[in-house]
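Asker: Got final.txt for you, compact mmCIF, C-alpha atoms:
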```
# COMPACT_ATOMS: atom_id res chain seq x y z
CA MET A 14 70.82 16.10 -16.51
CA SER A 15 69.88 16.22 -12.83
CA ALA A 16 66.64 17.66 -11.48
CA ALA A 17 68.63 20.41 -9.79
CA ALA A 18 70.13 21.45 -13.10
CA GLU A 19 66.73 21.49 -14.79
CA ASN A 20 65.31 23.98 -12.33
CA ALA A 21 67.46 27.04 -11.82
CA PRO A 22 67.49 28.65 -8.38
CA GLY A 23 64.54 30.94 -7.86
CA GLU A 24 62.48 29.38 -10.62
CA ALA A 25 59.19 27.67 -9.77
CA LYS A 26 58.64 24.17 -11.04
CA VAL A 27 55.36 24.12 -13.00
CA ILE A 28 53.37 20.89 -13.07
CA PRO A 29 50.94 20.79 -16.02
CA ILE A 30 47.31 20.35 -14.95
CA GLU A 31 46.80 17.57 -17.49
CA SER A 32 49.47 15.46 -15.80
CA ALA A 33 47.32 15.07 -12.67
CA PRO A 34 44.98 12.04 -12.58
CA SER A 35 41.34 12.76 -13.42
CA TRP A 36 38.26 10.68 -12.69
CA THR A 37 36.68 11.74 -15.98
CA SER A 38 38.05 12.18 -19.49
CA PRO A 39 36.37 13.22 -22.75
CA ASP A 40 39.12 11.51 -24.77
CA PRO A 41 38.30 7.84 -25.49
CA ASP A 42 41.97 7.17 -26.36
CA HIS A 43 43.02 8.23 -22.85
CA PRO A 44 40.50 6.70 -20.41
CA ALA A 45 39.94 8.41 -17.10
CA LEU A 46 41.22 7.07 -13.81
CA ALA A 47 37.77 5.71 -12.89
CA ASP A 48 37.62 3.75 -16.16
CA ARG A 49 41.15 2.42 -15.68
CA LEU A 50 40.37 1.38 -12.12
CA ALA A 51 37.14 -0.39 -13.13
CA GLY A 52 38.91 -2.03 -16.05
CA ALA A 53 41.75 -3.26 -13.85
CA VAL A 54 39.37 -4.79 -11.30
CA GLY A 55 37.23 -6.34 -14.03
CA GLY A 56 40.29 -7.76 -15.76
CA ALA A 57 41.56 -9.30 -12.55
CA LEU A 58 38.21 -10.93 -11.82
CA SER A 59 37.86 -12.29 -15.34
CA GLY A 60 41.47 -13.52 -15.44
CA GLN A 61 43.34 -15.53 -12.85
CA LEU A 62 40.92 -14.64 -10.08
CA GLY A 63 37.91 -15.82 -12.10
CA PRO A 64 37.70 -19.42 -10.80
CA ALA A 65 38.20 -18.28 -7.21
CA ALA A 66 35.52 -15.59 -7.62
CA ALA A 67 33.08 -18.16 -9.01
CA ARG A 68 33.57 -20.40 -6.00
CA LEU A 69 33.31 -17.49 -3.57
CA PHE A 70 30.38 -15.55 -5.05
CA GLY A 71 28.47 -18.34 -6.80
CA LYS A 72 26.76 -18.58 -10.15
CA GLY A 73 26.07 -15.33 -12.01
CA TRP A 74 28.79 -13.43 -10.18
CA GLU A 75 29.99 -11.84 -13.42
CA GLY A 76 26.76 -9.90 -13.89
CA ARG A 77 26.69 -8.78 -10.29
CA ALA A 78 30.34 -7.74 -10.47
CA ALA A 79 29.68 -5.74 -13.63
CA GLU A 80 26.81 -3.92 -11.93
CA ARG A 81 28.96 -3.10 -8.90
CA LEU A 82 31.81 -1.84 -11.07
CA ALA A 83 29.40 0.31 -13.07
CA PHE A 84 28.02 1.68 -9.79
CA LEU A 85 31.55 2.42 -8.55
CA ARG A 86 32.40 4.24 -11.78
CA ARG A 87 29.27 6.41 -11.56
CA ARG A 88 30.08 7.36 -7.97
CA LEU A 89 33.67 8.26 -8.81
CA THR A 90 32.77 10.29 -11.87
CA GLY A 91 29.72 11.99 -10.37
CA ASP A 92 27.46 10.50 -13.04
CA TYR A 93 24.40 10.24 -10.81
CA GLU A 94 21.46 12.44 -9.87
CA VAL A 95 20.00 13.86 -6.67
CA ASP A 96 16.78 15.81 -6.39
CA GLU A 97 16.40 19.29 -4.91
CA PHE A 98 16.11 17.81 -1.42
CA GLY A 99 19.39 15.90 -1.81
CA PHE A 100 17.80 12.45 -2.24
CA ASP A 101 20.21 10.04 -3.93
CA GLN A 102 18.00 7.16 -5.11
CA GLU A 103 20.82 5.02 -6.47
CA LEU A 104 22.92 5.25 -3.29
CA THR A 105 19.85 4.56 -1.16
CA GLU A 106 18.90 1.44 -3.13
CA GLU A 107 22.38 0.06 -3.67
CA VAL A 108 23.99 0.83 -0.32
CA LEU A 109 21.86 2.30 2.46
CA LEU A 110 18.88 -0.06 2.20
CA GLY A 111 21.28 -2.94 1.67
CA LEU A 112 22.92 -2.18 5.02
CA LEU A 113 19.58 -1.91 6.83
CA ARG A 114 17.94 -4.96 5.21
CA PRO A 115 19.70 -7.67 7.29
CA LEU A 116 18.67 -5.83 10.45
CA ALA A 117 15.03 -5.78 9.29
CA GLU A 118 14.86 -9.32 7.92
CA LYS A 119 17.20 -11.33 10.15
CA TYR A 120 17.48 -9.44 13.41
CA PHE A 121 14.05 -7.91 13.99
CA ARG A 122 12.30 -10.38 11.61
CA ILE A 123 9.75 -7.73 10.68
CA GLU A 124 6.30 -8.87 9.63
CA VAL A 125 4.71 -6.32 7.31
CA ARG A 126 0.92 -6.11 7.02
CA GLY A 127 -1.41 -3.94 4.98
CA VAL A 128 1.21 -2.56 2.58
CA GLU A 129 -1.48 -2.67 -0.10
CA HIS A 130 -3.07 0.36 1.58
CA ILE A 131 -0.20 2.51 0.31
CA PRO A 132 -1.16 3.79 -3.19
CA ALA A 133 0.63 2.33 -6.20
CA GLU A 134 1.38 5.86 -7.38
CA GLY A 135 0.81 9.44 -6.29
CA GLY A 136 1.29 11.08 -2.94
CA ALA A 137 0.45 9.56 0.44
CA LEU A 138 1.24 10.50 4.03
CA ILE A 139 2.31 7.69 6.37
CA VAL A 140 1.71 8.57 10.04
CA ALA A 141 3.28 6.21 12.60
CA ASN A 142 3.91 5.83 16.32
CA HIS A 143 7.46 6.56 17.48
CA SER A 144 9.43 4.65 20.10
CA GLY A 145 12.61 2.84 21.02
CA THR A 146 15.06 5.48 22.39
CA ILE A 147 16.91 5.43 19.04
CA PRO A 148 14.62 6.00 16.00
CA LEU A 149 15.25 2.65 14.32
CA ASP A 150 11.51 2.34 13.73
CA ALA A 151 11.62 5.07 11.07
CA LEU A 152 14.49 3.37 9.20
CA MET A 153 12.81 -0.04 9.41
CA THR A 154 9.59 1.45 8.02
CA GLN A 155 11.57 2.82 5.08
CA VAL A 156 12.95 -0.67 4.36
CA ALA A 157 9.53 -2.31 4.81
CA ILE A 158 7.79 -0.04 2.31
CA HIS A 159 10.49 -0.30 -0.34
CA ASP A 160 10.89 -4.08 -0.08
CA HIS A 161 7.25 -5.11 0.36
CA HIS A 162 5.36 -2.63 -1.81
CA PRO A 163 4.80 -3.98 -5.35
CA ASN A 164 6.16 -0.73 -6.81
CA HIS A 165 9.08 -0.55 -4.35
CA ARG A 166 8.17 2.96 -3.33
CA HIS A 167 10.60 5.15 -1.38
CA LEU A 168 9.57 6.66 1.94
CA ARG A 169 10.60 10.32 2.25
CA MET A 170 10.84 10.86 5.98
CA LEU A 171 10.31 14.14 7.83
CA ALA A 172 13.09 14.33 10.43
CA ALA A 173 13.73 16.51 13.48
CA ASP A 174 16.11 19.49 13.43
CA LEU A 175 18.67 17.53 15.46
CA VAL A 176 19.24 15.13 12.56
CA PHE A 177 20.45 17.96 10.34
CA VAL A 178 22.94 19.46 12.79
CA LEU A 179 24.82 16.24 13.61
CA PRO A 180 28.06 15.97 11.58
CA GLY A 181 27.91 13.17 9.04
CA VAL A 182 24.32 12.28 9.90
CA ASN A 183 23.07 15.39 8.09
CA GLU A 184 24.56 14.41 4.73
CA LEU A 185 23.56 10.75 5.08
CA ALA A 186 19.99 11.67 5.97
CA ARG A 187 19.69 13.93 2.91
CA LYS A 188 21.07 11.17 0.67
CA ALA A 189 18.50 8.73 2.10
CA GLY A 190 15.62 11.07 1.24
CA HIS A 191 14.97 12.63 4.64
CA THR A 192 14.06 16.27 4.94
CA LEU A 193 13.19 18.78 7.64
CA ALA A 194 9.90 18.19 9.42
CA CYS A 195 8.11 21.33 8.26
CA ASN A 196 4.82 21.86 6.44
CA GLU A 197 6.47 23.44 3.40
CA ASP A 198 8.73 20.47 2.65
CA ALA A 199 5.98 17.97 3.43
CA GLN A 200 3.51 19.63 1.09
CA ALA A 201 6.08 19.99 -1.70
CA LEU A 202 6.91 16.28 -1.55
CA LEU A 203 3.27 15.22 -1.37
CA GLU A 204 2.32 17.38 -4.34
CA ARG A 205 5.15 15.75 -6.30
CA GLY A 206 3.54 12.37 -5.68
CA GLU A 207 5.97 11.08 -3.03
CA VAL A 208 5.21 8.81 -0.08
CA VAL A 209 6.04 10.91 2.98
CA GLY A 210 6.52 9.58 6.51
CA VAL A 211 5.91 11.51 9.71
CA TRP A 212 6.21 10.54 13.39
CA PRO A 213 4.15 13.23 15.18
CA GLU A 214 5.17 12.14 18.70
CA GLY A 215 8.75 13.23 17.97
CA PHE A 216 11.22 12.97 20.85
CA LYS A 217 8.31 12.62 23.29
CA GLY A 218 7.66 9.24 21.69
CA ILE A 219 11.12 7.74 21.34
CA GLY A 220 12.27 9.19 24.67
CA LYS A 221 9.36 8.11 26.85
CA PRO A 222 9.97 5.79 29.84
CA PHE A 223 9.56 2.05 29.32
CA ALA A 224 6.66 2.08 31.78
CA GLU A 225 4.69 4.14 29.22
CA ARG A 226 5.40 1.85 26.25
CA TYR A 227 2.79 1.73 23.51
CA LYS A 228 0.94 4.70 24.99
CA LEU A 229 0.89 7.37 22.29
CA GLN A 230 2.07 10.82 23.26
CA ARG A 231 0.49 14.06 22.09
CA PHE A 232 0.49 14.57 18.31
CA GLY A 233 1.20 18.29 18.42
CA ARG A 234 -0.89 20.74 16.41
CA GLY A 235 -1.65 18.40 13.52
CA GLY A 236 0.47 20.16 10.91
CA PHE A 237 0.79 16.88 9.00
CA VAL A 238 -2.97 16.87 8.47
CA SER A 239 -2.87 20.37 6.97
CA SER A 240 -0.18 19.26 4.51
CA ALA A 241 -2.24 16.24 3.46
CA LEU A 242 -5.37 18.36 3.03
CA ARG A 243 -3.60 20.92 0.88
CA ALA A 244 -2.09 18.20 -1.32
CA GLY A 245 -5.31 16.16 -1.36
CA VAL A 246 -3.51 12.90 -0.54
CA PRO A 247 -4.62 10.02 1.72
CA ILE A 248 -3.31 9.60 5.26
CA VAL A 249 -2.21 6.03 6.02
CA PRO A 250 -1.98 5.18 9.75
CA CYS A 251 0.99 2.94 10.62
CA SER A 252 1.33 0.95 13.84
CA ILE A 253 4.70 -0.49 14.89
CA VAL A 254 5.06 -3.14 17.60
CA GLY A 255 8.46 -4.38 18.77
CA ALA A 256 10.46 -1.17 18.69
CA GLU A 257 9.53 -0.20 22.26
CA GLU A 258 11.58 -3.10 23.68
CA THR A 259 14.79 -2.65 21.65
CA TYR A 260 16.23 -0.19 24.18
CA PRO A 261 14.01 -0.24 27.31
CA MET A 262 14.50 3.23 28.79
CA ILE A 263 14.44 2.96 32.58
CA GLY A 264 16.08 6.31 33.34
CA ASN A 265 17.19 9.63 31.89
CA LEU A 266 20.38 11.56 32.67
CA LYS A 267 18.71 14.96 32.34
CA THR A 268 21.64 17.07 33.52
CA LEU A 269 24.01 15.43 31.05
CA ALA A 270 21.39 15.78 28.32
CA ARG A 271 21.16 19.55 28.94
CA LEU A 272 24.94 19.89 28.83
CA LEU A 273 25.12 18.01 25.53
CA GLY A 274 22.11 19.78 24.02
CA LEU A 275 20.23 16.50 23.59
CA PRO A 276 16.56 15.79 24.32
CA TYR A 277 17.59 12.96 26.68
CA VAL A 278 20.45 10.62 27.59
CA PRO A 279 18.91 7.21 28.21
CA ILE A 280 19.64 4.63 30.88
CA THR A 281 18.72 1.12 29.77
CA PRO A 282 19.37 -2.34 31.29
CA THR A 283 22.55 -2.52 29.17
CA PHE A 284 23.60 1.13 28.71
CA PRO A 285 25.88 2.63 29.98
CA TRP A 286 26.76 -0.40 32.11
CA LEU A 287 28.12 -2.50 29.22
CA GLY A 288 29.85 0.35 27.41
CA PRO A 289 29.65 0.13 23.59
CA LEU A 290 27.89 -3.24 23.84
CA GLY A 291 25.03 -1.45 25.53
CA ALA A 292 24.26 0.25 22.22
CA VAL A 293 23.33 -3.10 20.62
CA PRO A 294 19.51 -3.29 20.37
CA LEU A 295 17.66 -6.27 21.78
CA PRO A 296 16.51 -8.71 19.05
CA THR A 297 12.78 -8.13 19.44
CA LYS A 298 10.19 -9.41 16.96
CA TRP A 299 8.54 -6.57 15.05
CA THR A 300 5.22 -6.08 13.29
CA ILE A 301 4.54 -3.07 11.07
CA GLN A 302 0.90 -2.70 10.05
CA PHE A 303 -0.45 -0.11 7.61
CA GLY A 304 -4.10 0.72 8.14
CA GLU A 305 -6.81 1.73 5.71
CA PRO A 306 -6.15 5.18 4.23
CA ILE A 307 -8.13 8.20 5.37
CA ALA A 308 -9.11 10.21 2.29
CA THR A 309 -8.63 13.98 2.20
CA ASP A 310 -9.41 14.79 -1.43
CA GLY A 311 -13.10 15.31 -0.69
CA TYR A 312 -12.50 18.42 1.40
CA PRO A 313 -12.45 21.95 -0.05
CA ALA A 314 -9.18 23.82 -0.49
CA GLU A 315 -9.76 26.03 2.54
CA ALA A 316 -10.22 22.97 4.83
CA ALA A 317 -6.49 22.99 5.69
CA ASP A 318 -7.04 26.29 7.54
CA ASP A 319 -9.91 24.93 9.67
CA PRO A 320 -8.35 24.16 13.09
CA MET A 321 -11.29 22.02 14.25
CA LEU A 322 -11.20 19.82 11.16
CA VAL A 323 -7.42 19.47 11.41
CA PHE A 324 -7.71 18.51 15.08
CA ASP A 325 -10.50 15.99 14.41
CA LEU A 326 -8.56 14.26 11.61
CA ALA A 327 -5.34 14.19 13.68
CA ASP A 328 -7.28 12.68 16.57
CA GLU A 329 -8.83 10.08 14.25
CA VAL A 330 -5.39 9.06 13.01
CA ARG A 331 -4.04 8.88 16.56
CA GLU A 332 -6.93 6.77 17.81
CA THR A 333 -6.63 4.41 14.85
CA ILE A 334 -2.93 3.84 15.56
CA GLN A 335 -3.53 3.38 19.30
CA HIS A 336 -6.32 0.81 18.86
CA THR A 337 -4.25 -1.09 16.31
CA LEU A 338 -1.31 -1.19 18.72
CA TYR A 339 -3.55 -2.73 21.41
CA LYS A 340 -4.78 -5.37 18.95
CA LEU A 341 -1.27 -6.27 17.84
CA LEU A 342 -0.08 -6.52 21.46
CA VAL A 343 -2.89 -8.92 22.29
CA GLN A 344 -2.07 -11.05 19.25
CA ARG A 345 1.69 -11.36 19.71
CA ARG A 346 3.01 -14.45 21.46
CA SER A 347 6.25 -13.03 22.81
CA VAL A 348 8.46 -9.94 22.71
CA PHE A 349 11.21 -11.94 21.04
CA PHE A 350 9.36 -14.61 19.01
```
What is this structure when it is put down as structure tokens?
Answerer:
Amino acid sequence: MSAAAENAPGEAKVIPIESAPSWTSPDPDHPALADRLAGAVGGALSGQLGPAAARLFGKGWEGRAAERLAFLRRRLTGDYEVDEFGFDQELTEEVLLGLLRPLAEKYFRIEVRGVEHIPAEGGALIVANHSGTIPLDALMTQVAIHDHHPNHRHLRMLAADLVFVLPGVNELARKAGHTLACNEDAQALLERGEVVGVWPEGFKGIGKPFAERYKLQRFGRGGFVSSALRAGVPIVPCSIVGAEETYPMIGNLKTLARLLGLPYVPITPTFPWLGPLGAVPLPTKWTIQFGEPIATDGYPAEAADDPMLVFDLADEVRETIQHTLYKLLVQRRSVFF
């Protein structure tokens, strides 16, 4: 019988819901699409493609392949967790940090010092200088802390409003553990025992002219100090050398920036002259140094509302970072080596 004969004119053809493919299935006798996909890939690798895979991926490839297939299945089925801020720890560890790691290790060749000053557990506030036209320094600090800290701690960064209005960037930032740079979010994370990162210079830091490199801009009103005081966590100064020279900013297209709603549109020795190639950062040699923590747990609860104390502590952190930057600049042999 033809399909036309099966469906009389004017009658709707009903497709049963169960006939559509599903990523998940409670019936072990009828595995879900994700399981069938993982099984097919695993079978291919363990069958005729096995010898070729061994030569291509090296010894122990089976275990690594099994982990990747398990990861793929969890992503397809939604069998993973995010916290109330949207942080996806598994995706960050398995994908995002993996993409950033070659940039940190091979391209910028980051030397990390003083990571032992970050507590093994409990909350801590990392305060760093900001530079480089594009905020790669924040992402590299996230990689440095996770990879070099004995407990592989995650840095929860406080990001500017602009990050959360850019399509695509918003979702990716949330997945990576970033949140809005406000006192409420900062305090909530610190009280939960997270390592929180803040760059108080903001766009004034990353958008400053190359002639003002390594000169810290104003730290604002010191809201980060209030959050640390309320949570009773240490403040760890962080000094980053090398980021200033990745995109030397020699000019600013202010009119275009206003039209686009951006804080600045940079002119560098390579951008916009080389087109997309101008967006490639220079391969500078970086040093990230974490200083000795400044304790806040000895202050009374009402100390966070004392503007003079907040200003003094913010100024202490700023001066510590600035002096460390000068020392690191004197010690380095070259911008690129």
Asker: For A:Ala194, work out the shell of residues within 8 Å, counting all atoms listed in the file and skipping chain neighbours fewer than 3 positions away, then give it as a PyMOL selection string.
Answerer: chain A and resi 171-174+198-199+211
Asker: With all atoms listed in the file counted and 7 Å as the cut-off, give the residues of stretch 132-190 of chain A in contact with stretch 82-103 of chain A, each with its shortest interatomic distance in Å and the pair that gives it, as JSON lines.
Answerer:
```
{"residue": "A:Arg187", "atom": "CA", "partner": "A:Gly99", "partner_atom": "CA", "distance": 5.1}
{"residue": "A:Lys188", "atom": "CA", "partner": "A:Phe100", "partner_atom": "CA", "distance": 4.6}
{"residue": "A:Ala189", "atom": "CA", "partner": "A:Phe100", "partner_atom": "CA", "distance": 5.8}
{"residue": "A:Gly190", "atom": "CA", "partner": "A:Phe100", "partner_atom": "CA", "distance": 4.3}
```
Asker: Would you save the residues from that selection as a compact mmCIF listing (two decimals), in the frame of the given file, using C-alpha atoms?
Answerer:
```txt
# COMPACT_ATOMS: atom_id res chain seq x y z
CA ARG A 187 19.69 13.93 2.91
CA LYS A 188 21.07 11.17 0.67
CA ALA A 189 18.50 8.73 2.10
CA GLY A 190 15.62 11.07 1.24
```
Asker: Excluding same-chain residues fewer than 6 positions from A:Met262, what lies within 10 Å of it counting all atoms listed in the file, as a PyMOL selection string?
Answerer: chain A and resi 145-146+219-226+278-284
Asker: Of the residues A:Val246, A:Ile147, A:His162, A:Val330, which is the one nearest to A:Ala292, using only C-alpha atoms?
Answerer: A:Ile147
Asker: Hey, which of A:Gly235, A:Pro276, A:Pro247, A:Gly304 ends up closest to A:Leu326? Count all atoms listed in the file.
Answerer: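 So, comparing all the options, the nearest one is A:Gly235.
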Asker: Please measure the separation of atom CA of A:Ile263 and atom CA of A:Leu341, giving the value in Å to one decimal.
Answerer: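 These two atoms are separated by 23.4 Å.
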Asker: Between A:Ile334, A:Leu116, A:Ala327, A:Ala78, which is the closest to A:Leu229 once you count all atoms listed in the file?
Answerer: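 The answer is A:Ile334, which sits nearest to A:Leu229.
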Asker: Out of A:Gly111, A:Pro148, A:Gly210, A:Gly255, which residue has the shortest atom-to-atom distance to A:Ser240 when counting all atoms listed in the file?
Answerer: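 When distances to A:Ser240 are compared using all atoms listed in the file, the smallest one comes from A:Gly210.
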Asker: At a cut-off of 10 Å, using all atoms listed in the file, what residues contact A:Arg122? Leave out same-chain residues fewer than 6 positions from it and give the result as a list in words.
Answerer: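 After dropping sequence-adjacent residues, the list is Pro115, Leu116, Pro296, Thr297, Lys298, Trp299, Thr300, Phe349 and Phe350 of chain A.
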Asker: May I have the residues within 9 Å of A:Val249 as a VMD selection string, using all atoms listed in the file and disregarding those fewer than 3 positions away in the same chain?
Answerer: chain A and resid 130 to 131 137 to 141 303 to 308 330
Asker: Atom CA of A:Val128 and atom CA of A:Pro163, how far apart in Å?
Answerer: 8.8 Å
Asker: Would you kindly return, as a list of chain:residue names, each protein, DNA or RNA residue with an atom no farther than 7 Å from any atom of A:Ala244, considering only C-alpha atoms and excluding same-chain residues fewer than 4 positions away?
Answerer: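 The residues satisfying every condition are A:Gln200, A:Leu203, A:Glu204, A:Ser240.
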Asker: Point out the residue among A:Val254, A:Thr192, A:Val178, A:Glu134 with the least atom-to-atom distance to A:Arg345, counting all atoms listed in the file.
Answerer: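 Answer, going by the shortest atom-to-atom distance: A:Val254.
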Asker: Between atom CA of A:Pro285 and atom CA of A:Asn265, what is the distance, to one decimal in Å?
Answerer: 11.3 Å
Asker: Choose the residue, out of A:Pro250, A:Pro320, A:Pro289, A:Pro294, that has the smallest atom-to-atom separation from A:Arg126; count all atoms listed in the file.
Answerer: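 Between A:Pro250, A:Pro320, A:Pro289, A:Pro294, the residue approaching A:Arg126 most closely is A:Pro250.
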